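Listing of query29.cif; format and content: mmCIF, C-alpha atoms and all ligand atoms.
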```cif
data_coords
loop_
_atom_site.group_PDB
_atom_site.id
_atom_site.type_symbol
_atom_site.label_atom_id
_atom_site.label_comp_id
_atom_site.auth_asym_id
_atom_site.auth_seq_id
_atom_site.Cartn_x
_atom_site.Cartn_y
_atom_site.Cartn_z
ATOM 1 C CA MET A 296 -33.885 10.500 81.158
ATOM 2 C CA ARG A 297 -37.213 8.924 80.455
ATOM 3 C CA PRO A 298 -38.865 7.582 83.626
ATOM 4 C CA ALA A 299 -39.872 3.955 83.781
ATOM 5 C CA ARG A 300 -43.559 3.330 83.361
ATOM 6 C CA LEU A 301 -45.759 0.667 84.756
ATOM 7 C CA VAL A 302 -47.348 -1.290 81.917
ATOM 8 C CA THR A 303 -50.495 -2.978 83.098
ATOM 9 C CA PRO A 304 -51.998 -5.881 81.135
ATOM 10 C CA ALA A 305 -54.787 -3.592 79.893
ATOM 11 C CA VAL A 306 -52.308 -0.998 78.663
ATOM 12 C CA LEU A 307 -50.199 -3.705 77.057
ATOM 13 C CA LEU A 308 -53.265 -5.000 75.233
ATOM 14 C CA LEU A 309 -54.013 -1.482 73.953
ATOM 15 C CA ILE A 310 -50.411 -1.048 72.837
ATOM 16 C CA LEU A 311 -50.526 -4.343 70.986
ATOM 17 C CA LEU A 312 -53.851 -3.480 69.402
ATOM 18 C CA THR A 313 -52.634 -0.098 68.218
ATOM 19 C CA ALA A 314 -49.280 -1.463 67.077
ATOM 20 C CA CYS A 315 -50.692 -4.331 65.072
ATOM 21 C CA ARG A 316 -53.355 -2.576 63.069
ATOM 22 C CA SER A 317 -52.774 -1.545 59.526
ATOM 23 C CA ALA A 318 -53.529 2.055 58.768
ATOM 24 C CA ALA A 319 -52.411 4.637 56.281
ATOM 25 C CA PRO A 320 -52.054 8.373 56.190
ATOM 26 C CA PRO A 321 -54.960 10.672 55.350
ATOM 27 C CA GLY A 322 -55.065 11.297 51.666
ATOM 28 C CA GLY A 323 -52.132 9.026 51.135
ATOM 29 C CA ALA A 324 -53.574 5.586 51.515
ATOM 30 C CA ALA A 325 -53.447 4.508 47.926
ATOM 31 C CA SER A 326 -50.381 6.495 47.082
ATOM 32 C CA THR A 327 -48.025 5.216 49.712
ATOM 33 C CA GLY A 328 -49.397 1.832 50.621
ATOM 34 C CA ALA A 329 -47.933 2.585 54.025
ATOM 35 C CA ALA A 330 -48.557 0.202 56.840
ATOM 36 C CA GLY A 331 -48.697 1.400 60.394
ATOM 37 C CA ALA A 332 -51.021 2.982 62.877
ATOM 38 C CA PRO A 333 -51.137 6.153 64.890
ATOM 39 C CA THR A 334 -49.674 5.329 68.260
ATOM 40 C CA LEU A 335 -51.342 6.390 71.439
ATOM 41 C CA ASP A 336 -48.376 8.426 72.667
ATOM 42 C CA ALA A 337 -47.942 10.252 69.370
ATOM 43 C CA LEU A 338 -51.623 11.131 69.250
ATOM 44 C CA VAL A 339 -51.820 12.314 72.869
ATOM 45 C CA TRP A 340 -48.682 14.399 72.336
ATOM 46 C CA LEU A 341 -50.116 16.092 69.253
ATOM 47 C CA GLN A 342 -53.564 16.676 70.716
ATOM 48 C CA THR A 343 -52.737 17.725 74.268
ATOM 49 C CA SER A 344 -49.150 18.775 74.738
ATOM 50 C CA ALA A 345 -48.022 22.350 75.287
ATOM 51 C CA GLU A 346 -44.856 21.400 73.438
ATOM 52 C CA ALA A 347 -46.643 20.521 70.187
ATOM 53 C CA ARG A 348 -48.510 23.813 70.307
ATOM 54 C CA ALA A 349 -45.322 25.775 71.027
ATOM 55 C CA LEU A 350 -43.499 24.046 68.185
ATOM 56 C CA ALA A 351 -46.252 24.875 65.688
ATOM 57 C CA LEU A 352 -46.395 28.506 66.842
ATOM 58 C CA ALA A 353 -42.619 28.820 66.623
ATOM 59 C CA THR A 354 -42.601 27.365 63.119
ATOM 60 C CA PHE A 355 -45.239 29.738 61.806
ATOM 61 C CA ALA A 356 -43.594 32.712 63.546
ATOM 62 C CA ALA A 357 -40.267 31.895 61.898
ATOM 63 C CA ALA A 358 -42.008 31.309 58.561
ATOM 64 C CA THR A 359 -43.692 34.707 58.846
ATOM 65 C CA ARG A 360 -40.355 36.452 59.446
ATOM 66 C CA GLU A 361 -38.793 34.715 56.467
ATOM 67 C CA LEU A 362 -41.833 35.491 54.347
ATOM 68 C CA GLU A 363 -41.480 39.196 55.059
ATOM 69 C CA ALA A 364 -37.798 39.048 54.164
ATOM 70 C CA ALA A 365 -38.423 37.059 50.992
ATOM 71 C CA VAL A 366 -41.115 39.445 49.754
ATOM 72 C CA ALA A 367 -38.556 42.259 49.922
ATOM 73 C CA ASP A 368 -35.761 40.284 48.232
ATOM 74 C CA PRO A 369 -36.482 39.515 44.556
ATOM 75 C CA SER A 370 -33.626 37.018 44.417
ATOM 76 C CA ARG A 371 -35.322 34.654 46.845
ATOM 77 C CA SER A 372 -37.250 31.571 45.732
ATOM 78 C CA ALA A 373 -37.986 28.408 47.661
ATOM 79 C CA LEU A 374 -37.783 26.489 44.387
ATOM 80 C CA GLY A 375 -34.523 27.909 43.095
ATOM 81 C CA GLN A 376 -36.231 29.983 40.421
ATOM 82 C CA GLY A 377 -33.912 32.272 38.519
ATOM 83 C CA GLU A 378 -33.886 36.033 37.940
ATOM 84 C CA GLU A 379 -36.809 35.765 35.552
ATOM 85 C CA ALA A 380 -39.047 34.984 38.542
ATOM 86 C CA ALA A 381 -38.358 38.385 40.083
ATOM 87 C CA VAL A 382 -41.152 39.980 38.052
ATOM 88 C CA LEU A 383 -43.758 37.344 38.883
ATOM 89 C CA PRO A 384 -46.494 37.701 41.498
ATOM 90 C CA LEU A 385 -45.752 36.105 44.866
ATOM 91 C CA ALA A 386 -46.881 32.774 46.271
ATOM 92 C CA VAL A 387 -46.407 30.388 49.158
ATOM 93 C CA ILE A 388 -47.064 26.655 48.783
ATOM 94 C CA ALA A 389 -48.390 24.808 51.818
ATOM 95 C CA ASP A 390 -49.560 21.286 52.392
ATOM 96 C CA LEU A 391 -52.899 20.936 54.194
ATOM 97 C CA ASP A 392 -53.145 17.825 56.377
ATOM 98 C CA GLU A 393 -51.047 18.123 59.531
ATOM 99 C CA THR A 394 -49.442 21.294 58.143
ATOM 100 C CA LEU A 395 -52.224 23.893 58.208
ATOM 101 C CA ILE A 396 -55.091 21.694 59.370
ATOM 102 C CA ASP A 397 -55.427 19.072 62.082
ATOM 103 C CA ASN A 398 -56.990 15.691 61.298
ATOM 104 C CA SER A 399 -55.963 14.090 64.541
ATOM 105 C CA ALA A 400 -59.597 13.414 65.472
ATOM 106 C CA PHE A 401 -59.681 10.986 62.552
ATOM 107 C CA GLU A 402 -56.555 9.329 63.923
ATOM 108 C CA GLY A 403 -58.243 9.283 67.331
ATOM 109 C CA ARG A 404 -61.112 7.305 65.922
ATOM 110 C CA MET A 405 -58.690 4.702 64.576
ATOM 111 C CA VAL A 406 -56.977 4.433 67.948
ATOM 112 C CA LEU A 407 -60.223 4.115 69.899
ATOM 113 C CA THR A 408 -61.921 1.645 67.560
ATOM 114 C CA GLY A 409 -58.828 -0.363 66.754
ATOM 115 C CA GLY A 410 -59.886 -0.137 63.130
ATOM 116 C CA SER A 411 -57.645 -0.119 60.115
ATOM 117 C CA PHE A 412 -57.398 2.820 57.773
ATOM 118 C CA ASP A 413 -60.546 2.765 55.724
ATOM 119 C CA ARG A 414 -60.888 4.933 52.651
ATOM 120 C CA ALA A 415 -64.657 5.264 53.207
ATOM 121 C CA VAL A 416 -64.151 6.434 56.801
ATOM 122 C CA TRP A 417 -61.541 8.935 55.639
ATOM 123 C CA ALA A 418 -63.963 10.199 52.973
ATOM 124 C CA GLU A 419 -66.610 10.544 55.687
ATOM 125 C CA TRP A 420 -64.152 12.575 57.790
ATOM 126 C CA VAL A 421 -63.409 14.870 54.833
ATOM 127 C CA GLU A 422 -67.138 15.356 54.158
ATOM 128 C CA ARG A 423 -67.750 16.320 57.789
ATOM 129 C CA GLU A 424 -65.516 19.368 57.248
ATOM 130 C CA GLU A 425 -64.334 19.203 60.861
ATOM 131 C CA ALA A 426 -60.572 19.548 60.448
ATOM 132 C CA GLU A 427 -59.337 22.333 62.708
ATOM 133 C CA LEU A 428 -56.427 24.757 62.437
ATOM 134 C CA ILE A 429 -52.874 23.963 63.408
ATOM 135 C CA PRO A 430 -51.866 26.707 65.910
ATOM 136 C CA GLY A 431 -50.405 29.714 64.105
ATOM 137 C CA ALA A 432 -51.630 28.698 60.646
ATOM 138 C CA VAL A 433 -54.387 31.248 60.197
ATOM 139 C CA GLU A 434 -52.220 34.123 61.449
ATOM 140 C CA PHE A 435 -49.558 33.101 58.931
ATOM 141 C CA ALA A 436 -52.185 32.990 56.166
ATOM 142 C CA ARG A 437 -53.478 36.442 57.106
ATOM 143 C CA ARG A 438 -49.981 37.931 57.024
ATOM 144 C CA ALA A 439 -49.359 36.377 53.606
ATOM 145 C CA SER A 440 -52.559 37.951 52.366
ATOM 146 C CA GLU A 441 -51.569 41.367 53.770
ATOM 147 C CA LEU A 442 -48.263 41.087 51.922
ATOM 148 C CA GLY A 443 -50.024 40.309 48.642
ATOM 149 C CA VAL A 444 -48.822 36.702 48.628
ATOM 150 C CA THR A 445 -51.140 34.017 47.220
ATOM 151 C CA LEU A 446 -51.324 30.895 49.376
ATOM 152 C CA PHE A 447 -51.535 27.706 47.298
ATOM 153 C CA TYR A 448 -52.551 24.422 48.902
ATOM 154 C CA ILE A 449 -50.917 21.328 47.420
ATOM 155 C CA SER A 450 -52.564 18.407 49.175
ATOM 156 C CA ASN A 451 -52.843 14.674 48.574
ATOM 157 C CA ARG A 452 -56.476 14.720 49.565
ATOM 158 C CA ASP A 453 -58.470 13.211 46.705
ATOM 159 C CA ALA A 454 -59.910 15.677 44.229
ATOM 160 C CA GLU A 455 -63.384 14.191 44.883
ATOM 161 C CA GLY A 456 -63.257 15.832 48.311
ATOM 162 C CA LYS A 457 -62.509 19.271 46.921
ATOM 163 C CA ALA A 458 -65.857 20.969 47.647
ATOM 164 C CA ALA A 459 -65.922 19.734 51.247
ATOM 165 C CA THR A 460 -62.284 20.653 51.773
ATOM 166 C CA ARG A 461 -62.940 24.109 50.399
ATOM 167 C CA ARG A 462 -65.853 24.643 52.809
ATOM 168 C CA ASN A 463 -63.755 23.307 55.690
ATOM 169 C CA LEU A 464 -60.942 25.768 54.942
ATOM 170 C CA GLU A 465 -63.385 28.663 54.618
ATOM 171 C CA ARG A 466 -65.035 27.795 57.935
ATOM 172 C CA ILE A 467 -61.741 27.958 59.816
ATOM 173 C CA GLY A 468 -60.606 31.155 58.121
ATOM 174 C CA LEU A 469 -58.095 29.983 55.523
ATOM 175 C CA PRO A 470 -58.456 31.864 52.232
ATOM 176 C CA VAL A 471 -59.835 30.014 49.211
ATOM 177 C CA PRO A 472 -60.351 32.553 46.412
ATOM 178 C CA ASP A 473 -62.532 31.756 43.416
ATOM 179 C CA SER A 474 -59.635 32.734 41.166
ATOM 180 C CA PRO A 475 -56.953 31.618 40.892
ATOM 181 C CA ASP A 476 -57.741 28.076 41.936
ATOM 182 C CA THR A 477 -55.411 27.609 44.879
ATOM 183 C CA LEU A 478 -56.638 24.184 45.985
ATOM 184 C CA LEU A 479 -54.523 21.705 44.029
ATOM 185 C CA LEU A 480 -55.582 18.213 45.080
ATOM 186 C CA ARG A 481 -54.323 14.810 44.025
ATOM 187 C CA GLY A 482 -55.990 13.659 40.813
ATOM 188 C CA GLY A 483 -57.260 17.161 39.981
ATOM 189 C CA ARG A 484 -55.406 16.740 36.695
ATOM 190 C CA PRO A 485 -54.009 13.546 35.177
ATOM 191 C CA ASP A 486 -50.419 14.411 36.078
ATOM 192 C CA TRP A 487 -51.250 15.479 39.627
ATOM 193 C CA THR A 488 -50.069 12.306 41.269
ATOM 194 C CA SER A 489 -49.129 11.851 44.921
ATOM 195 C CA ASP A 490 -45.668 13.125 43.989
ATOM 196 C CA LYS A 491 -46.210 16.871 44.275
ATOM 197 C CA THR A 492 -43.430 17.947 41.897
ATOM 198 C CA SER A 493 -45.699 18.666 38.928
ATOM 199 C CA ARG A 494 -48.021 20.784 41.059
ATOM 200 C CA ARG A 495 -45.129 22.797 42.486
ATOM 201 C CA ALA A 496 -43.923 23.364 38.916
ATOM 202 C CA GLU A 497 -47.411 24.478 37.903
ATOM 203 C CA VAL A 498 -47.408 27.211 40.560
ATOM 204 C CA ALA A 499 -43.808 28.201 39.761
ATOM 205 C CA ARG A 500 -44.696 28.851 36.119
ATOM 206 C CA ALA A 501 -46.727 31.911 37.133
ATOM 207 C CA TYR A 502 -45.459 32.864 40.603
ATOM 208 C CA ARG A 503 -42.259 33.467 42.514
ATOM 209 C CA VAL A 504 -42.599 30.844 45.236
ATOM 210 C CA LEU A 505 -41.261 32.245 48.505
ATOM 211 C CA LEU A 506 -41.807 29.415 50.971
ATOM 212 C CA LEU A 507 -42.795 25.761 51.180
ATOM 213 C CA LEU A 508 -44.540 24.409 54.277
ATOM 214 C CA GLY A 509 -45.266 20.759 54.972
ATOM 215 C CA ASP A 510 -45.182 17.877 57.422
ATOM 216 C CA ASP A 511 -43.643 15.348 55.028
ATOM 217 C CA LEU A 512 -40.458 15.388 52.974
ATOM 218 C CA ASN A 513 -42.701 14.796 49.953
ATOM 219 C CA ASP A 514 -44.031 18.342 50.459
ATOM 220 C CA PHE A 515 -40.599 19.702 49.523
ATOM 221 C CA VAL A 516 -38.743 17.400 47.138
ATOM 222 C CA ALA A 517 -39.212 14.510 44.756
ATOM 223 C CA GLY A 518 -37.811 11.183 45.859
ATOM 224 C CA ALA A 519 -39.046 11.380 49.441
ATOM 225 C CA ARG A 520 -40.621 7.948 49.274
ATOM 226 C CA THR A 521 -37.426 5.960 49.453
ATOM 227 C CA GLY A 522 -35.363 4.484 52.251
ATOM 228 C CA THR A 523 -34.289 6.204 55.441
ATOM 229 C CA ALA A 524 -30.709 6.826 54.267
ATOM 230 C CA GLU A 525 -31.839 8.312 50.958
ATOM 231 C CA ARG A 526 -34.319 10.554 52.741
ATOM 232 C CA ARG A 527 -31.694 11.856 55.139
ATOM 233 C CA ALA A 528 -29.376 12.504 52.195
ATOM 234 C CA LEU A 529 -32.129 14.602 50.608
ATOM 235 C CA VAL A 530 -32.342 16.676 53.773
ATOM 236 C CA GLU A 531 -28.571 17.204 53.759
ATOM 237 C CA ALA A 532 -28.602 18.095 50.057
ATOM 238 C CA HIS A 533 -30.973 20.961 50.844
ATOM 239 C CA ASP A 534 -29.522 21.971 54.188
ATOM 240 C CA ALA A 535 -29.624 25.708 53.462
ATOM 241 C CA ARG A 536 -33.367 25.594 52.876
ATOM 242 C CA TRP A 537 -34.601 24.397 56.249
ATOM 243 C CA GLY A 538 -35.840 27.182 58.468
ATOM 244 C CA ARG A 539 -35.199 29.704 55.706
ATOM 245 C CA ASP A 540 -37.660 28.930 52.948
ATOM 246 C CA TRP A 541 -38.719 25.364 53.818
ATOM 247 C CA PHE A 542 -40.618 24.813 57.077
ATOM 248 C CA VAL A 543 -41.626 21.479 58.590
ATOM 249 C CA LEU A 544 -44.473 20.885 61.031
ATOM 250 C CA PRO A 545 -44.211 17.837 63.307
ATOM 251 C CA ASN A 546 -46.224 14.747 62.416
ATOM 252 C CA PRO A 547 -45.402 11.646 64.438
ATOM 253 C CA LEU A 548 -48.676 9.967 63.384
ATOM 254 C CA TYR A 549 -47.987 8.970 59.795
ATOM 255 C CA GLY A 550 -45.982 9.926 56.750
ATOM 256 C CA SER A 551 -43.385 8.784 54.281
ATOM 257 C CA TRP A 552 -40.972 8.477 57.240
ATOM 258 C CA GLU A 553 -43.003 5.453 58.253
ATOM 259 C CA SER A 554 -43.131 3.667 54.903
ATOM 260 C CA ALA A 555 -39.385 4.306 54.576
ATOM 261 C CA VAL A 556 -38.969 1.951 57.519
ATOM 262 C CA THR A 557 -41.744 -0.544 56.779
ATOM 263 C CA GLY A 558 -41.216 -0.672 53.027
ATOM 264 C CA GLY A 559 -45.001 -0.504 52.763
ATOM 265 C CA GLU A 560 -45.304 -3.991 54.243
ATOM 266 C CA ALA A 561 -48.467 -4.890 56.134
ATOM 267 C CA GLU A 562 -48.556 -6.076 59.735
ATOM 268 C CA PRO A 563 -46.987 -7.936 61.378
ATOM 269 C CA GLU A 564 -43.993 -7.410 59.091
ATOM 270 C CA ALA A 565 -44.305 -3.622 59.452
ATOM 271 C CA THR A 566 -43.897 -3.786 63.217
ATOM 272 C CA ARG A 567 -41.028 -6.250 62.872
ATOM 273 C CA ARG A 568 -39.205 -3.794 60.604
ATOM 274 C CA LYS A 569 -39.874 -0.880 62.961
ATOM 275 C CA LEU A 570 -38.452 -2.839 65.857
ATOM 276 C CA GLY A 571 -35.448 -3.668 63.712
ATOM 277 C CA ALA A 572 -34.917 0.021 62.915
ATOM 278 C CA ILE A 573 -34.766 1.407 66.439
ATOM 279 C CA ARG A 574 -31.558 2.059 68.334
ATOM 280 C CA ALA A 575 -31.245 0.704 71.833
ATOM 281 C CA PHE A 576 -28.464 -0.251 74.176
HETATM 282 MG MG MG A 601 -49.538 16.579 55.267
#
```

Taking this structure as input, can you express it in the form of structure tokens?
Ligand SMILES: [Mg+2]
Amino acid sequence: MRPARLVTPAVLLLILLTACRSAAPPGGAASTGAAGAPTLDALVWLQTSAEARALALATFAAATRELEAAVADPSRSALGQGEEAAVLPLAVIADLDETLIDNSAFEGRMVLTGGSFDRAVWAEWVEREEAELIPGAVEFARRASELGVTLFYISNRDAEGKAATRRNLERIGLPVPDSPDTLLLRGGRPDWTSDKTSRRAEVARAYRVLLLLGDDLNDFVAGARTGTAERRALVEAHDARWGRDWFVLPNPLYGSWESAVTGGEAEPEATRRKLGAIRAF
């Protein structure tokens, strides 16, 4: 049971400030129109908790085991590719933000300044190249490389930030070969919208895709940006995938889970809808 906490006026003010700002996810501001802000508890949990670290390590360890099994089994594909894919070279598709790399310092700035999501500030964060690794990510990437598996990054970071993102990934030890181009960012081609389906299909044309990794349902299937019931139905429809060839990293800061509740409405309507969505006795 969760212990009661003493909420002082100062803490209450901070809670209200963080709850009533309008922010949007990194790389997803324009695409989702999501309202909402990183909450203090979610941010502290992600940045400091042993549990968040253990969960990330467990996810990448399980993904590594399944990767090794999938390499050896030509019938396996995370995208349901048929027998014809058995002869193709091997790939994994991973999201970047809050899947392989940690942008929580950007979220921390929003919490501390009480500022709204600002595309210019996000662009500044990207250009600083300071995103760090999610625990277990680089070991997973190294194992993929040892197994001859190409790691593709399908990210909704803007294509304008590609050079900085590339340098950031190289600095923290994630592979970014010159060829093939594995950094597939939003807007890199006209049909590379925030829906990642066309980019997954692009990779699947030339590779047998063994695993998908992400922190948002949109990293796995089309139609993730709908309501909460539809999103849960999508999870059920793919129930055999989870933990086998689809792996989810935890992100309580932002995502399509949030806009599913808020409907993309701005504050204070967003908070009103969130309060209306919670269960309580
Ligand atoms: Mg992400």

Enclose region 366-376 of chain A, meaning all of its atoms listed in the file, in a box aligned along x, y and z, pad it by 6 Å on each side, and list the centre and edge lengths in Å to one decimal, as AutoDock Vina command-line options.
```
--center_x -37.4 --center_y 34.4 --center_z 45.2 --size_x 19.5 --size_y 27.8 --size_z 21.5
```

Discussion item. Taking all atoms listed in the file into account, list the residues no farther than 12 Å from ligand MG 601 (chain A), as JSON, numbers by chain.
Written reply: {"A": [320, 321, 322, 323, 389, 390, 391, 392, 393, 394, 395, 396, 397, 398, 399, 429, 448, 449, 450, 451, 452, 480, 489, 491, 508, 509, 510, 511, 512, 513, 514, 515, 543, 544, 545, 546, 547, 548, 549, 550, 551, 552]}

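For the structure in this document, the set picked by the PyMOL selection byres (((chain A and resi 433) around 12) and not hetatm) is Ala351, Leu352, Phe355, Ala356, Thr359, Thr394, Leu395, Ile396, Glu427, Leu428, Ile429, Pro430, Gly431, Ala432, Glu434, Phe435, Ala436, Arg437, Arg438, Ala439, Ser440, Leu446, Leu464, Glu465, Arg466, Ile467, Gly468, Leu469 and Pro470 of chain A.
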
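Rounded to one decimal, CA of Arg484 (chain A) and CA of Lys457 (chain A) lie 12.7 Å from each other.
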
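Picked out by the PyMOL selection byres (((chain A and resi 373) around 6) and not hetatm) when it runs on this file: A:Ser372, A:Leu374, A:Gly375, A:Val504, A:Leu505, A:Leu506, A:Asp540.
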
Include C-alpha atoms and write out the residues we just selected as an mmCIF file, in the coordinates of the input.
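Wrote it out as again-v4.cif, contents follow:
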```cif
data_model
loop_
_atom_site.group_PDB
_atom_site.id
_atom_site.type_symbol
_atom_site.label_atom_id
_atom_site.label_comp_id
_atom_site.auth_asym_id
_atom_site.auth_seq_id
_atom_site.Cartn_x
_atom_site.Cartn_y
_atom_site.Cartn_z
ATOM 1 C CA SER A 372 -37.250 31.571 45.732
ATOM 2 C CA LEU A 374 -37.783 26.489 44.387
ATOM 3 C CA GLY A 375 -34.523 27.909 43.095
ATOM 4 C CA VAL A 504 -42.599 30.844 45.236
ATOM 5 C CA LEU A 505 -41.261 32.245 48.505
ATOM 6 C CA LEU A 506 -41.807 29.415 50.971
ATOM 7 C CA ASP A 540 -37.660 28.930 52.948
#
```

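Counting only C-alpha atoms and comparing A:Ala572, A:Leu350, A:Thr488, A:Gly559, the residue that lies closest to Thr523 (chain A) is A:Ala572.
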
Fill in: Atom pair CA of Thr566 (chain A) / CA of Trp420 (chain A): separation (Å)
26.6 Å

Item to complete: Tell me which of A:Val416, A:Leu442, A:Leu335, A:Leu341 sits closest to Val366 (chain A), counting all atoms listed in the file.
Response: A:Leu442

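Of note, CA of Phe412 (chain A) and CA of Glu562 (chain A) are spaced 12.7 Å apart.
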
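Closest approach to Thr477 (chain A) among A:Gln342, A:Phe542, A:Ala458, A:Ile388: A:Ile388, based on only C-alpha atoms.
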
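Nearest-residue note for Leu507 (chain A): choosing from A:Glu363, A:Glu531, A:Glu560, A:Ala358, the minimum distance belongs to A:Ala358, counting all atoms listed in the file.
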
Discussion item. With distances taken over only C-alpha atoms, which residue among A:Glu553, A:Ala454, A:Gly538, A:Ala364 lies nearest Pro485 (chain A)?
Written reply: A:Ala454
